[in-house]
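Source file target-v5.txt; content: compact mmCIF, C-alpha atoms and all ligand atoms.
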```txt
# COMPACT_ATOMS: atom_id res chain seq x y z
CA MET A 1 -304.09 -7.11 109.89
CA PRO A 2 -302.70 -8.20 113.28
CA THR A 3 -302.74 -5.48 115.88
CA THR A 4 -300.35 -7.05 118.35
CA PRO A 5 -297.14 -4.98 118.36
CA MET A 6 -294.24 -6.81 116.75
CA ARG A 7 -291.06 -6.54 118.80
CA SER A 8 -287.99 -5.10 117.15
CA SER A 9 -284.32 -5.06 117.96
CA SER A 10 -284.28 -1.30 117.43
CA GLY A 11 -284.57 0.13 120.95
CA SER A 12 -287.97 0.06 122.60
CA ALA A 13 -290.02 1.00 119.50
CA SER A 14 -291.56 -1.75 117.44
CA LEU A 15 -293.77 -2.17 114.41
CA PRO A 16 -297.44 -2.34 115.45
CA ALA A 17 -298.23 -5.00 112.80
CA SER A 18 -296.30 -7.34 110.55
CA ALA A 19 -294.04 -5.69 107.99
CA GLU A 20 -295.85 -7.60 105.27
CA ALA A 21 -299.29 -6.37 106.32
CA LEU A 22 -298.09 -2.76 106.65
CA ALA A 23 -296.41 -2.85 103.24
CA SER A 24 -299.40 -4.45 101.58
CA SER A 25 -302.00 -1.95 102.89
CA LEU A 26 -299.72 0.96 102.04
CA ALA A 27 -299.10 -0.27 98.47
CA LEU A 28 -302.83 -0.78 97.94
CA TRP A 29 -303.57 2.77 99.05
CA TYR A 30 -300.76 4.19 96.92
CA ARG A 31 -301.99 2.56 93.74
CA ALA A 32 -305.29 4.38 94.19
CA ALA A 33 -304.06 7.67 95.65
CA ALA A 34 -300.57 8.36 94.25
CA ARG A 35 -299.95 11.96 93.30
CA SER A 36 -299.46 12.62 89.61
CA LEU A 37 -296.02 14.22 89.36
CA PRO A 38 -293.77 14.64 86.31
CA TRP A 39 -290.98 12.54 87.81
CA ARG A 40 -293.25 9.69 88.85
CA GLY A 41 -292.65 6.49 86.91
CA LEU A 42 -289.20 7.62 85.79
CA LYS A 43 -286.26 5.27 86.28
CA ASP A 44 -283.56 7.70 85.19
CA PRO A 45 -281.46 8.21 88.35
CA TYR A 46 -280.43 11.68 87.21
CA ALA A 47 -284.03 12.90 86.85
CA ILE A 48 -285.01 11.27 90.16
CA TRP A 49 -282.04 12.89 91.87
CA LEU A 50 -282.97 16.28 90.38
CA SER A 51 -286.57 16.01 91.61
CA GLU A 52 -285.43 15.06 95.11
CA VAL A 53 -282.94 17.90 95.32
CA MET A 54 -285.47 20.45 94.06
CA LEU A 55 -288.02 19.27 96.60
CA GLN A 56 -285.65 19.35 99.58
CA GLN A 57 -286.45 22.92 100.54
CA THR A 58 -289.01 23.92 97.96
CA GLN A 59 -292.72 23.12 97.89
CA VAL A 60 -294.00 20.73 95.22
CA ALA A 61 -296.41 23.44 94.04
CA THR A 62 -293.52 25.85 93.47
CA VAL A 63 -291.44 23.30 91.56
CA LEU A 64 -294.45 22.40 89.41
CA GLY A 65 -296.04 25.83 89.09
CA LYS A 66 -293.15 27.45 87.29
CA GLY A 67 -292.00 24.33 85.48
CA TYR A 68 -288.58 24.33 87.15
CA PHE A 69 -288.14 20.58 86.85
CA SER A 70 -288.95 20.25 83.15
CA ARG A 71 -287.11 23.46 82.20
CA PHE A 72 -283.99 22.32 84.05
CA LEU A 73 -284.13 18.93 82.36
CA GLU A 74 -284.49 20.61 78.98
CA ALA A 75 -281.40 22.71 79.65
CA PHE A 76 -279.37 19.84 81.14
CA PRO A 77 -280.94 16.57 79.91
CA THR A 78 -278.23 14.27 81.26
CA VAL A 79 -275.82 14.16 84.14
CA GLU A 80 -273.01 14.64 81.60
CA ALA A 81 -274.67 17.81 80.31
CA LEU A 82 -274.92 19.09 83.87
CA ALA A 83 -271.26 18.25 84.48
CA ARG A 84 -270.25 20.23 81.38
CA ALA A 85 -272.31 23.29 82.34
CA GLU A 86 -270.66 26.43 83.66
CA LEU A 87 -271.68 27.11 87.25
CA PRO A 88 -273.06 30.63 86.53
CA GLU A 89 -275.36 29.17 83.86
CA LEU A 90 -276.49 26.46 86.25
CA LEU A 91 -277.19 29.00 88.99
CA ALA A 92 -279.16 31.11 86.54
CA ARG A 93 -281.35 28.07 85.73
CA TRP A 94 -281.82 27.48 89.46
CA SER A 95 -282.85 31.07 90.00
CA GLY A 96 -286.13 31.32 91.88
CA LEU A 97 -285.75 28.01 93.70
CA GLY A 98 -283.44 29.42 96.38
CA TYR A 99 -280.98 27.49 98.56
CA TYR A 100 -278.34 27.60 95.85
CA ALA A 101 -275.97 25.36 97.82
CA ARG A 102 -278.10 22.52 96.43
CA ALA A 103 -277.30 23.52 92.85
CA ARG A 104 -273.60 23.90 93.57
CA ALA A 105 -273.50 20.45 95.21
CA MET A 106 -275.36 18.94 92.24
CA HIS A 107 -272.82 20.44 89.89
CA ALA A 108 -269.91 19.01 91.89
CA ALA A 109 -271.59 15.58 92.12
CA ALA A 110 -272.41 15.56 88.40
CA LYS A 111 -268.74 16.11 87.60
CA GLU A 112 -267.78 13.16 89.78
CA ILE A 113 -270.45 10.92 88.23
CA ALA A 114 -269.36 11.91 84.72
CA LEU A 115 -265.77 11.03 85.64
CA ARG A 116 -266.86 7.64 86.99
CA GLY A 117 -268.70 6.94 83.75
CA ALA A 118 -271.89 5.56 85.33
CA PHE A 119 -274.46 6.66 87.86
CA PRO A 120 -273.67 4.95 91.21
CA ASP A 121 -276.35 2.52 92.34
CA THR A 122 -275.39 1.64 95.91
CA MET A 123 -275.88 3.61 99.13
CA ASP A 124 -272.15 3.73 99.87
CA GLU A 125 -271.26 5.05 96.43
CA LEU A 126 -274.11 7.56 96.42
CA ARG A 127 -273.26 8.79 99.93
CA SER A 128 -269.69 9.49 98.78
CA LEU A 129 -270.96 12.17 96.34
CA PRO A 130 -271.27 15.85 97.27
CA GLY A 131 -274.75 16.73 98.57
CA PHE A 132 -275.95 13.14 98.96
CA GLY A 133 -277.21 12.81 102.53
CA PRO A 134 -278.93 9.66 103.80
CA TYR A 135 -282.32 10.75 102.48
CA THR A 136 -281.27 11.70 98.94
CA ALA A 137 -279.09 8.62 98.58
CA ALA A 138 -281.91 6.36 99.79
CA ALA A 139 -284.47 8.04 97.52
CA VAL A 140 -282.29 7.59 94.41
CA ALA A 141 -281.16 4.07 95.38
CA SER A 142 -284.72 2.90 96.01
CA ILE A 143 -286.63 4.71 93.25
CA ALA A 144 -284.09 4.28 90.44
CA PHE A 145 -282.49 0.96 91.45
CA GLU A 146 -285.07 -0.71 93.76
CA ARG A 147 -282.60 -0.93 96.62
CA PRO A 148 -284.47 -1.63 99.90
CA GLU A 149 -283.41 1.63 101.57
CA PRO A 150 -285.96 3.59 103.62
CA ALA A 151 -285.97 7.26 102.57
CA ILE A 152 -286.56 9.23 105.76
CA ASP A 153 -287.24 12.92 105.29
CA GLY A 154 -289.40 15.12 107.51
CA ASN A 155 -292.65 13.69 106.13
CA ALA A 156 -291.54 10.07 106.48
CA LEU A 157 -290.27 10.78 109.98
CA ARG A 158 -293.71 12.02 111.00
CA VAL A 159 -295.60 9.14 109.35
CA TYR A 160 -293.38 6.37 110.69
CA GLY A 161 -293.01 8.06 114.09
CA ARG A 162 -296.78 8.19 114.47
CA LEU A 163 -297.21 4.65 113.19
CA VAL A 164 -294.95 3.22 115.89
CA GLY A 165 -295.73 5.87 118.55
CA LEU A 166 -292.18 7.14 118.84
CA ARG A 167 -291.91 10.43 120.71
CA ALA A 168 -288.24 11.15 120.11
CA ALA A 169 -286.38 14.11 118.67
CA ARG A 170 -285.27 13.82 115.06
CA ALA A 171 -281.61 13.02 115.76
CA GLU A 172 -282.62 10.00 117.82
CA ALA A 173 -285.71 8.98 115.87
CA GLU A 174 -284.26 8.98 112.35
CA PRO A 175 -281.67 6.17 112.62
CA LEU A 176 -284.01 4.16 114.81
CA LEU A 177 -286.93 4.38 112.39
CA ARG A 178 -284.69 3.66 109.42
CA GLU A 179 -283.81 0.25 110.81
CA LEU A 180 -287.26 -0.40 112.24
CA VAL A 181 -289.12 0.10 108.94
CA ARG A 182 -286.49 -1.45 106.66
CA PRO A 183 -288.31 -4.86 106.69
CA LEU A 184 -291.33 -3.21 105.01
CA LEU A 185 -289.28 -2.70 101.86
CA ALA A 186 -288.70 -6.42 101.55
CA HIS A 187 -292.44 -6.87 100.98
CA GLY A 188 -292.95 -4.86 97.84
CA LYS A 189 -291.18 -2.55 95.46
CA PRO A 190 -288.94 -0.16 97.41
CA SER A 191 -289.62 2.60 94.85
CA GLU A 192 -293.37 2.25 95.39
CA LEU A 193 -293.27 1.98 99.18
CA ASN A 194 -290.95 4.93 99.72
CA GLN A 195 -293.00 7.12 97.42
CA ALA A 196 -296.18 5.95 99.12
CA VAL A 197 -294.86 7.17 102.47
CA MET A 198 -293.88 10.46 100.86
CA ASP A 199 -297.43 10.86 99.55
CA LEU A 200 -299.02 9.77 102.82
CA GLY A 201 -296.98 12.41 104.66
CA ALA A 202 -297.85 15.05 102.07
CA SER A 203 -301.58 14.30 102.15
CA LEU A 204 -303.34 12.38 104.93
CA CYS A 205 -300.71 12.39 107.67
CA ALA A 206 -300.47 16.18 107.77
CA PRO A 207 -298.54 17.85 110.60
CA ALA A 208 -301.47 19.62 112.28
CA THR A 209 -304.64 17.77 111.28
CA PRO A 210 -304.06 14.24 110.03
CA SER A 211 -306.98 12.58 108.25
CA CYS A 212 -306.70 9.33 110.19
CA PRO A 213 -310.07 7.82 109.19
CA LEU A 214 -308.87 7.72 105.56
CA CYS A 215 -305.41 6.35 106.31
CA PRO A 216 -304.33 2.85 105.23
CA TRP A 217 -302.55 2.51 108.58
CA ARG A 218 -305.43 3.75 110.75
CA GLU A 219 -305.82 0.40 112.52
CA PRO A 220 -302.23 -0.32 113.56
CA CYS A 221 -301.21 3.35 114.02
CA VAL A 222 -300.15 3.80 117.65
CA ALA A 223 -300.48 7.59 117.58
CA ARG A 224 -304.09 7.33 116.37
CA ARG A 225 -305.00 4.71 118.94
CA LEU A 226 -303.47 6.68 121.80
CA GLY A 227 -304.37 10.15 120.49
CA LEU A 228 -300.72 11.17 120.20
CA GLN A 229 -300.80 12.72 116.73
CA ALA A 230 -300.15 16.24 118.07
CA GLU A 231 -297.18 15.03 120.10
CA ILE A 232 -295.39 13.18 117.30
CA PRO A 233 -293.03 14.44 116.16
CA PRO A 234 -292.23 16.50 119.28
CA ALA A 235 -292.13 20.25 118.73
CA ARG A 236 -288.66 21.56 118.10
CA LYS A 237 -287.27 24.31 120.29
CA PRO A 238 -287.34 27.55 118.34
CA THR A 239 -283.84 28.57 117.32
CA ALA A 240 -282.71 32.11 117.96
CA ARG A 241 -283.00 34.15 114.77
CA ARG A 242 -280.35 36.65 113.78
CA ARG A 243 -281.19 39.92 112.08
CA LEU A 244 -279.07 40.83 109.09
CA SER A 245 -279.09 44.36 107.68
CA TRP A 246 -277.53 44.93 104.27
CA VAL A 247 -277.15 48.03 102.16
CA ALA A 248 -276.81 47.95 98.39
CA ALA A 249 -276.14 50.46 95.64
CA VAL A 250 -278.22 51.14 92.53
CA LEU A 251 -275.59 52.34 90.14
CA ARG A 252 -276.13 52.57 86.40
CA ASP A 253 -273.99 53.26 83.37
CA GLU A 254 -274.74 55.67 80.55
CA ARG A 255 -276.95 53.04 78.86
CA GLY A 256 -279.07 52.59 81.94
CA ARG A 257 -277.61 49.17 82.69
CA ILE A 258 -277.35 48.35 86.36
CA LEU A 259 -274.16 47.40 88.18
CA LEU A 260 -274.09 43.87 89.60
CA ALA A 261 -271.38 42.06 91.56
CA ARG A 262 -270.91 38.30 91.87
CA ARG A 263 -270.68 36.85 95.37
CA PRO A 264 -268.05 34.27 96.38
CA GLU A 265 -268.96 30.67 95.59
CA ARG A 266 -269.25 29.67 99.23
CA GLY A 267 -271.67 31.08 101.76
CA LEU A 268 -275.01 32.85 101.58
CA PHE A 269 -276.20 33.37 97.96
CA GLY A 270 -272.88 31.83 96.86
CA GLY A 271 -271.90 32.54 93.26
CA LEU A 272 -274.95 34.74 92.57
CA TRP A 273 -275.10 38.29 91.27
CA GLU A 274 -276.41 41.10 93.44
CA LEU A 275 -276.53 44.85 93.73
CA PRO A 276 -273.13 45.61 95.26
CA GLY A 277 -272.96 46.51 98.93
CA GLY A 278 -272.66 44.51 102.10
CA GLU A 279 -273.63 44.12 105.71
CA LEU A 280 -274.35 47.20 107.71
CA SER A 281 -272.40 47.45 110.94
CA SER A 282 -274.64 48.05 113.92
CA THR A 283 -273.36 51.57 114.46
CA GLY A 284 -272.90 52.70 110.90
CA ASP A 285 -274.67 55.45 109.04
CA GLU A 286 -276.29 53.69 106.09
CA ARG A 287 -275.00 55.98 103.33
CA ARG A 288 -271.51 56.31 104.73
CA GLU A 289 -271.27 52.55 105.25
CA LEU A 290 -272.36 51.89 101.68
CA ALA A 291 -269.77 54.34 100.36
CA ARG A 292 -267.09 52.61 102.43
CA LEU A 293 -268.15 49.15 101.29
CA LEU A 294 -268.04 50.10 97.61
CA ARG A 295 -264.67 51.81 98.05
CA GLU A 296 -263.21 48.71 99.70
CA ARG A 297 -264.89 46.05 97.61
CA LEU A 298 -265.08 47.65 94.18
CA GLY A 299 -262.44 50.39 94.36
CA ILE A 300 -264.83 53.20 93.47
CA ARG A 301 -265.82 56.39 95.21
CA VAL A 302 -269.56 56.80 95.21
CA ARG A 303 -271.97 59.46 96.11
CA VAL A 304 -274.86 57.77 97.86
CA GLY A 305 -278.35 59.15 97.45
CA ALA A 306 -281.71 58.35 98.92
CA ALA A 307 -283.03 54.88 99.66
CA VAL A 308 -285.02 53.70 96.63
CA ALA A 309 -286.08 50.17 97.56
CA GLU A 310 -286.23 47.92 100.58
CA VAL A 311 -286.95 44.21 100.83
CA SER A 312 -287.05 41.63 103.59
CA GLN A 313 -286.51 37.92 103.35
CA ILE A 314 -286.70 35.11 105.87
CA LEU A 315 -283.69 32.81 105.63
CA THR A 316 -282.83 29.74 107.65
CA HIS A 317 -282.16 31.12 111.15
CA ARG A 318 -281.86 34.67 109.82
CA ASP A 319 -284.09 37.60 108.93
CA LEU A 320 -282.53 39.63 106.16
CA ARG A 321 -283.40 43.23 105.33
CA VAL A 322 -281.77 44.98 102.38
CA VAL A 323 -282.04 48.69 101.66
CA ALA A 324 -280.93 49.85 98.23
CA HIS A 325 -279.75 53.41 97.69
CA ALA A 326 -279.35 55.25 94.45
CA ALA A 327 -275.70 56.06 93.87
CA THR A 328 -273.36 57.68 91.38
CA SER A 329 -269.72 56.95 90.84
CA SER A 330 -266.68 58.66 89.42
CA GLY A 331 -264.69 55.49 88.75
CA SER A 332 -264.71 52.13 87.03
CA PRO A 333 -265.62 49.31 89.40
CA SER A 334 -263.59 46.14 89.69
CA ALA A 335 -263.91 43.21 92.09
CA LEU A 336 -261.32 43.79 94.82
CA THR A 337 -262.49 42.05 97.99
CA GLY A 338 -265.57 39.98 98.69
CA TYR A 339 -266.69 39.70 95.05
CA LEU A 340 -265.67 37.47 92.16
CA GLY A 341 -266.59 39.90 89.42
CA VAL A 342 -268.61 42.94 88.42
CA ARG A 343 -270.60 43.83 85.34
CA PHE A 344 -273.30 46.14 84.09
CA ALA A 345 -276.45 44.30 83.06
CA GLY A 346 -279.37 45.47 80.98
CA ARG A 347 -282.87 44.13 81.33
CA GLU A 348 -282.21 41.58 78.55
CA ASP A 349 -279.18 40.21 80.44
CA LEU A 350 -280.95 39.60 83.73
CA ALA A 351 -282.79 36.44 82.70
CA SER A 352 -279.54 34.61 81.98
CA LEU A 353 -277.80 35.63 85.20
CA GLY A 354 -278.06 33.81 88.51
CA LEU A 355 -279.51 36.48 90.76
CA SER A 356 -280.08 36.14 94.46
CA SER A 357 -283.75 36.20 95.42
CA VAL A 358 -283.38 39.48 97.32
CA THR A 359 -281.78 41.02 94.25
CA ARG A 360 -284.72 39.89 92.12
CA LYS A 361 -287.11 41.47 94.60
CA LEU A 362 -285.13 44.71 94.69
CA LEU A 363 -285.00 44.88 90.89
CA ALA A 364 -288.74 44.26 90.70
CA LYS A 365 -289.30 47.17 93.08
CA LEU A 366 -286.92 49.39 91.16
CA ASP A 367 -288.76 48.56 87.95
CA GLY A 368 -291.79 50.38 89.23
CA ARG A 369 -289.87 53.49 90.27
CA ALA A 370 -288.76 56.58 88.44
CA ASP A 371 -285.12 56.23 89.48
CA ARG A 372 -284.04 54.55 86.27
CA PRO A 373 -281.67 56.79 84.39
CA ALA A 374 -282.12 54.95 81.11
CA ARG A 375 -283.80 57.98 79.61
CA ARG A 376 -281.09 60.25 80.97
CA THR A 377 -277.85 61.16 79.33
CA VAL A 378 -275.39 61.02 82.23
CA THR A 379 -272.61 58.46 82.53
CA HIS A 380 -271.69 56.61 85.68
CA GLN A 381 -268.29 58.22 85.53
CA ARG A 382 -269.90 61.63 85.90
CA ALA A 383 -270.86 61.86 89.52
CA SER A 384 -274.31 63.28 89.34
CA ALA A 385 -276.99 63.54 91.95
CA ARG A 386 -279.54 63.12 89.17
CA LEU A 387 -278.81 59.43 88.96
CA GLY A 388 -279.64 59.01 92.58
CA ALA A 389 -282.87 60.93 92.69
CA PRO A 390 -285.76 58.60 93.53
S1 LIG A 401 -303.49 6.93 111.21
FE1 LIG A 401 -303.29 9.13 111.27
S2 LIG A 401 -301.46 9.58 112.46
FE2 LIG A 401 -301.41 7.41 111.90
S3 LIG A 401 -300.17 7.33 110.04
FE3 LIG A 401 -302.31 7.47 109.42
S4 LIG A 401 -302.74 9.67 109.16
FE4 LIG A 401 -300.83 9.45 110.32
```
Rewritten as structure tokens:
Amino acid sequence: MPTTPMRSSSGSASLPASAEALASSLALWYRAAARSLPWRGLKDPYAIWLSEVMLQQTQVATVLGKGYFSRFLEAFPTVEALARAELPELLARWSGLGYYARARAMHAAAKEIALRGAFPDTMDELRSLPGFGPYTAAAVASIAFERPEPAIDGNALRVYGRLVGLRAARAEAEPLLRELVRPLLAHGKPSELNQAVMDLGASLCAPATPSCPLCPWREPCVARRLGLQAEIPPARKPTARRRLSWVAAVLRDERGRILLARRPERGLFGGLWELPGGELSSTGDERRELARLLRERLGIRVRVGAAVAEVSQILTHRDLRVVAHAATSSGSPSALTGYLGVRFAGREDLASLGLSSVTRKLLAKLDGRADRPARRTVTHQRASARLGAP
């Protein structure tokens, strides 16, 4: 393989060997080292799209470990089936994967594809669909339709950046690398080469400790030759994290079913069911604030008891803490402001509802407590401190 850098028209970075040689060594390595994944070898654009969306913010091990991919495909085997699904059912199937905006965008895109009558096979058409960014569009176009489009996600950015020795922030590096490495895809199957880079980034070219001696690109790799692996990609400035404090009510009916409220479709945990409540103002007394929130949002007066469960969750740019209080009510709740609907749900109903991850955690904690009134004979209309006793 030649080691003389090949000049490129893309800024000052250049390929450190011929595109043909790079593609050939990568393909050879991939044929021996490719990961065995359920979506590998598929040509169905819908299944490929689903796998890419699931993997955007969820680890491969999580997607595989709980069978999310195969269970979702069983429930919605075609893009038409997904288009016909009701959003709450879809969100319930997505439950546990988090980042529900992905599922909502998939639903919207599936409807458009079903209307068009065929799965789009060009970058322009794919990019026009909801949720199809440059990476997802390139992954589907290349893997399903063999279009020579480089799929540049975080892993590919690191691998290619190190290969060419590009020390630039993501916004600058991504378009530059996309054009720089595009010629590689002309020297092999785009589906194979893009997936090879995905696997290289997920295995040998790890962020902290790359296994360069085993890498098919060890000879031409500029970062390896110059010892720049730790500097590429450059560390991102930490973004300021916001703390979110929520309060929620544990309110049950006479059958022990728990009250849930459905969040608006847009925004955090959009369209999912949760224990009703809301954000705590910085000055508010927790119980009084919860009573106010339920009065305003559900039109019920509640008597708020002790805190019975608390969970924390790290979100993108935010740290969320939710404290749930036992509560009793003297009225019938209805969704007034900030919720799309309310319902009481028994244990058997929970599996089919799209629940936010914090709600799942809270319910799991409540399961182990003695606050459940299922064995008690009070109704939620009868304000009773007994319901709220932890
Ligand atoms: S030689 Fe090392 S740094 Fe370069 S692409 Fe391979 S694993 Fe990554």
(request) Pick out the residues sitting within 6 Å of range 248-264 of chain A, and hand them over as a ChimeraX atom specification; count all atoms listed in the file, and ignore anything fewer than 3 positions along from it in its own chain. (result) /A:270-277,324-328,339-346,373-374,378-380
(message) With 6 Å as the threshold, what does the neighbourhood of (-279.3, 31.1, 95.8) contain in terms of residues, counting all atoms listed in the file? Coordinates are those of the file; answer as a PyMOL selection string.
(response) chain A and resi 98-100+269+356
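Straight-line separation from CA of Ala101 in chain A to CA of Ser352 in chain A: 18.7 Å.
Around ligand LIG 401 (chain A), the neighbouring residues within 7 Å, taking only C-alpha atoms and all ligand atoms, come to Val159, Tyr160, Arg162, Leu163, Leu204, Cys205, Pro210, Ser211, Cys212, Pro213, Cys215, Pro216, Trp217, Arg218, Cys221, Val222, Ala223, Arg224 and Gln229 of chain A.
When all atoms listed in the file are used to compute distances to Asp285 in chain A, the closest of the residues A:Arg241, A:Gly338, A:Val247, A:Lys361 turns out to be A:Val247.
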(message) Report, in Å with one decimal, the straight-line distance from CA of Pro333 in chain A to CA of Gly305 in chain A.
(response) 18.0 Å
(request) Select, from A:Asn194, A:Thr209, A:Ser24, A:Ser142, the residue with the minimum atom-to-atom distance to Asp44 in chain A, counting only C-alpha atoms. (result) A:Ser142
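Computed from the coordinates, the CA of Val164 in chain A to CA of Leu15 in chain A distance equals 5.7 Å.
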(message) Considering all atoms listed in the file, can you say which of A:Gly331, A:Gly201, A:Pro150, A:Gly133 comes closest to Pro183 in chain A?
(response) A:Pro150
(request) Compile the contact shell of Glu289 in chain A as a PyMOL selection string: residues with an atom at most 9 Å away, counting only C-alpha atoms, same-chain residues fewer than 2 positions apart removed. (result) chain A and resi 247+277-281+284-287+291-294
(request) Skip Ala83 in chain A itself and residues of its chain fewer than 3 positions away, then list as a VMD selection string all residues within 10 Å of it, counting only C-alpha atoms. (result) chain A and resid 76 78 to 80 86 to 87 90 106 to 115
(message) Using only C-alpha atoms for the distances, tell me which of A:Thr136, A:Ser70, A:Arg104, A:Pro16 is nearest to Gln56 in chain A.
(response) A:Thr136
Do a neighbour search on Leu177 in chain A at 12 Å with only C-alpha atoms, toss out local chain neighbours closer than 4 positions, and write the hits as a short mmCIF file (atom, residue, chain, number, x, y, z; two decimals) with C-alpha atoms, in the frame of the given file.
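Output below, filename result_28.cif:
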```cif
data_model
loop_
_atom_site.label_atom_id
_atom_site.label_comp_id
_atom_site.auth_asym_id
_atom_site.auth_seq_id
_atom_site.Cartn_x
_atom_site.Cartn_y
_atom_site.Cartn_z
CA SER A 8 -287.99 -5.10 117.15
CA SER A 9 -284.32 -5.06 117.96
CA SER A 10 -284.28 -1.30 117.43
CA GLY A 11 -284.57 0.13 120.95
CA SER A 12 -287.97 0.06 122.60
CA ALA A 13 -290.02 1.00 119.50
CA SER A 14 -291.56 -1.75 117.44
CA LEU A 15 -293.77 -2.17 114.41
CA GLU A 149 -283.41 1.63 101.57
CA PRO A 150 -285.96 3.59 103.62
CA ALA A 151 -285.97 7.26 102.57
CA ILE A 152 -286.56 9.23 105.76
CA ASP A 153 -287.24 12.92 105.29
CA ALA A 156 -291.54 10.07 106.48
CA LEU A 157 -290.27 10.78 109.98
CA ARG A 158 -293.71 12.02 111.00
CA VAL A 159 -295.60 9.14 109.35
CA TYR A 160 -293.38 6.37 110.69
CA GLY A 161 -293.01 8.06 114.09
CA ARG A 162 -296.78 8.19 114.47
CA LEU A 163 -297.21 4.65 113.19
CA VAL A 164 -294.95 3.22 115.89
CA GLY A 165 -295.73 5.87 118.55
CA LEU A 166 -292.18 7.14 118.84
CA ARG A 167 -291.91 10.43 120.71
CA ALA A 168 -288.24 11.15 120.11
CA ALA A 169 -286.38 14.11 118.67
CA ARG A 170 -285.27 13.82 115.06
CA ALA A 171 -281.61 13.02 115.76
CA GLU A 172 -282.62 10.00 117.82
CA ALA A 173 -285.71 8.98 115.87
CA VAL A 181 -289.12 0.10 108.94
CA ARG A 182 -286.49 -1.45 106.66
CA PRO A 183 -288.31 -4.86 106.69
CA LEU A 184 -291.33 -3.21 105.01
#
```
(request) Within 7 Å of range 35-42 of chain A, counting only C-alpha atoms, which residues show up once you throw out same-chain ones fewer than 5 positions away? Write them as a PyMOL selection string, please. (result) chain A and resi 48+51+199
Serialized selection, C-alpha atoms, as a PDB file, keeping the file's coordinate frame:
```pdb
ATOM      1  CA  ILE A  48    -285.010  11.270  90.160  1.00  0.00           C
ATOM      2  CA  SER A  51    -286.570  16.010  91.610  1.00  0.00           C
ATOM      3  CA  ASP A 199    -297.430  10.860  99.550  1.00  0.00           C
TER       4      ASP A 199
END
```
(message) Using all atoms listed in the file, can you tell me which of A:Ala208, A:Ser95, A:Ser332, A:Val322 comes closest to Val302 in chain A?
(response) A:Ser332
Please export range 48-88 of chain A as a CSV table (one decimal), in the first residue's frame, restricted to C-alpha atoms.
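What ended up in selection.csv:
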```
chain,number,residue,atom,x,y,z
A,48,ILE,CA,-32.0,-1.4,7.9
A,49,TRP,CA,-33.6,2.0,8.8
A,50,LEU,CA,-35.1,0.5,12.0
A,51,SER,CA,-31.7,-0.9,13.1
A,52,GLU,CA,-30.0,2.5,12.4
A,53,VAL,CA,-32.6,4.5,14.3
A,54,MET,CA,-32.5,2.1,17.3
A,55,LEU,CA,-28.7,2.3,17.4
A,56,GLN,CA,-28.5,6.1,17.2
A,57,GLN,CA,-28.6,6.7,20.9
A,58,THR,CA,-28.7,3.1,22.3
A,59,GLN,CA,-25.9,0.6,22.7
A,60,VAL,CA,-25.8,-2.4,20.5
A,61,ALA,CA,-25.8,-4.6,23.6
A,62,THR,CA,-29.0,-3.0,24.8
A,63,VAL,CA,-30.8,-3.4,21.5
A,64,LEU,CA,-29.7,-7.0,21.2
A,65,GLY,CA,-30.0,-8.0,24.9
A,66,LYS,CA,-33.7,-7.4,25.2
A,67,GLY,CA,-34.5,-8.3,21.6
A,68,TYR,CA,-35.9,-4.8,20.8
A,69,PHE,CA,-35.1,-5.1,17.1
A,70,SER,CA,-36.7,-8.5,16.5
A,71,ARG,CA,-39.7,-7.8,18.7
A,72,PHE,CA,-40.4,-4.5,17.0
A,73,LEU,CA,-40.2,-6.1,13.6
A,74,GLU,CA,-42.6,-8.8,14.7
A,75,ALA,CA,-45.1,-6.2,15.8
A,76,PHE,CA,-44.6,-4.0,12.7
A,77,PRO,CA,-43.1,-6.2,10.0
A,78,THR,CA,-43.4,-3.6,7.2
A,79,VAL,CA,-43.2,0.1,6.7
A,80,GLU,CA,-46.9,0.0,5.9
A,81,ALA,CA,-47.7,-1.8,9.2
A,82,LEU,CA,-45.7,0.9,11.0
A,83,ALA,CA,-47.6,3.6,9.2
A,84,ARG,CA,-51.0,2.1,10.2
A,85,ALA,CA,-50.0,1.7,13.9
A,86,GLU,CA,-51.4,4.1,16.5
A,87,LEU,CA,-48.7,6.2,18.0
A,88,PRO,CA,-49.4,5.1,21.6
```
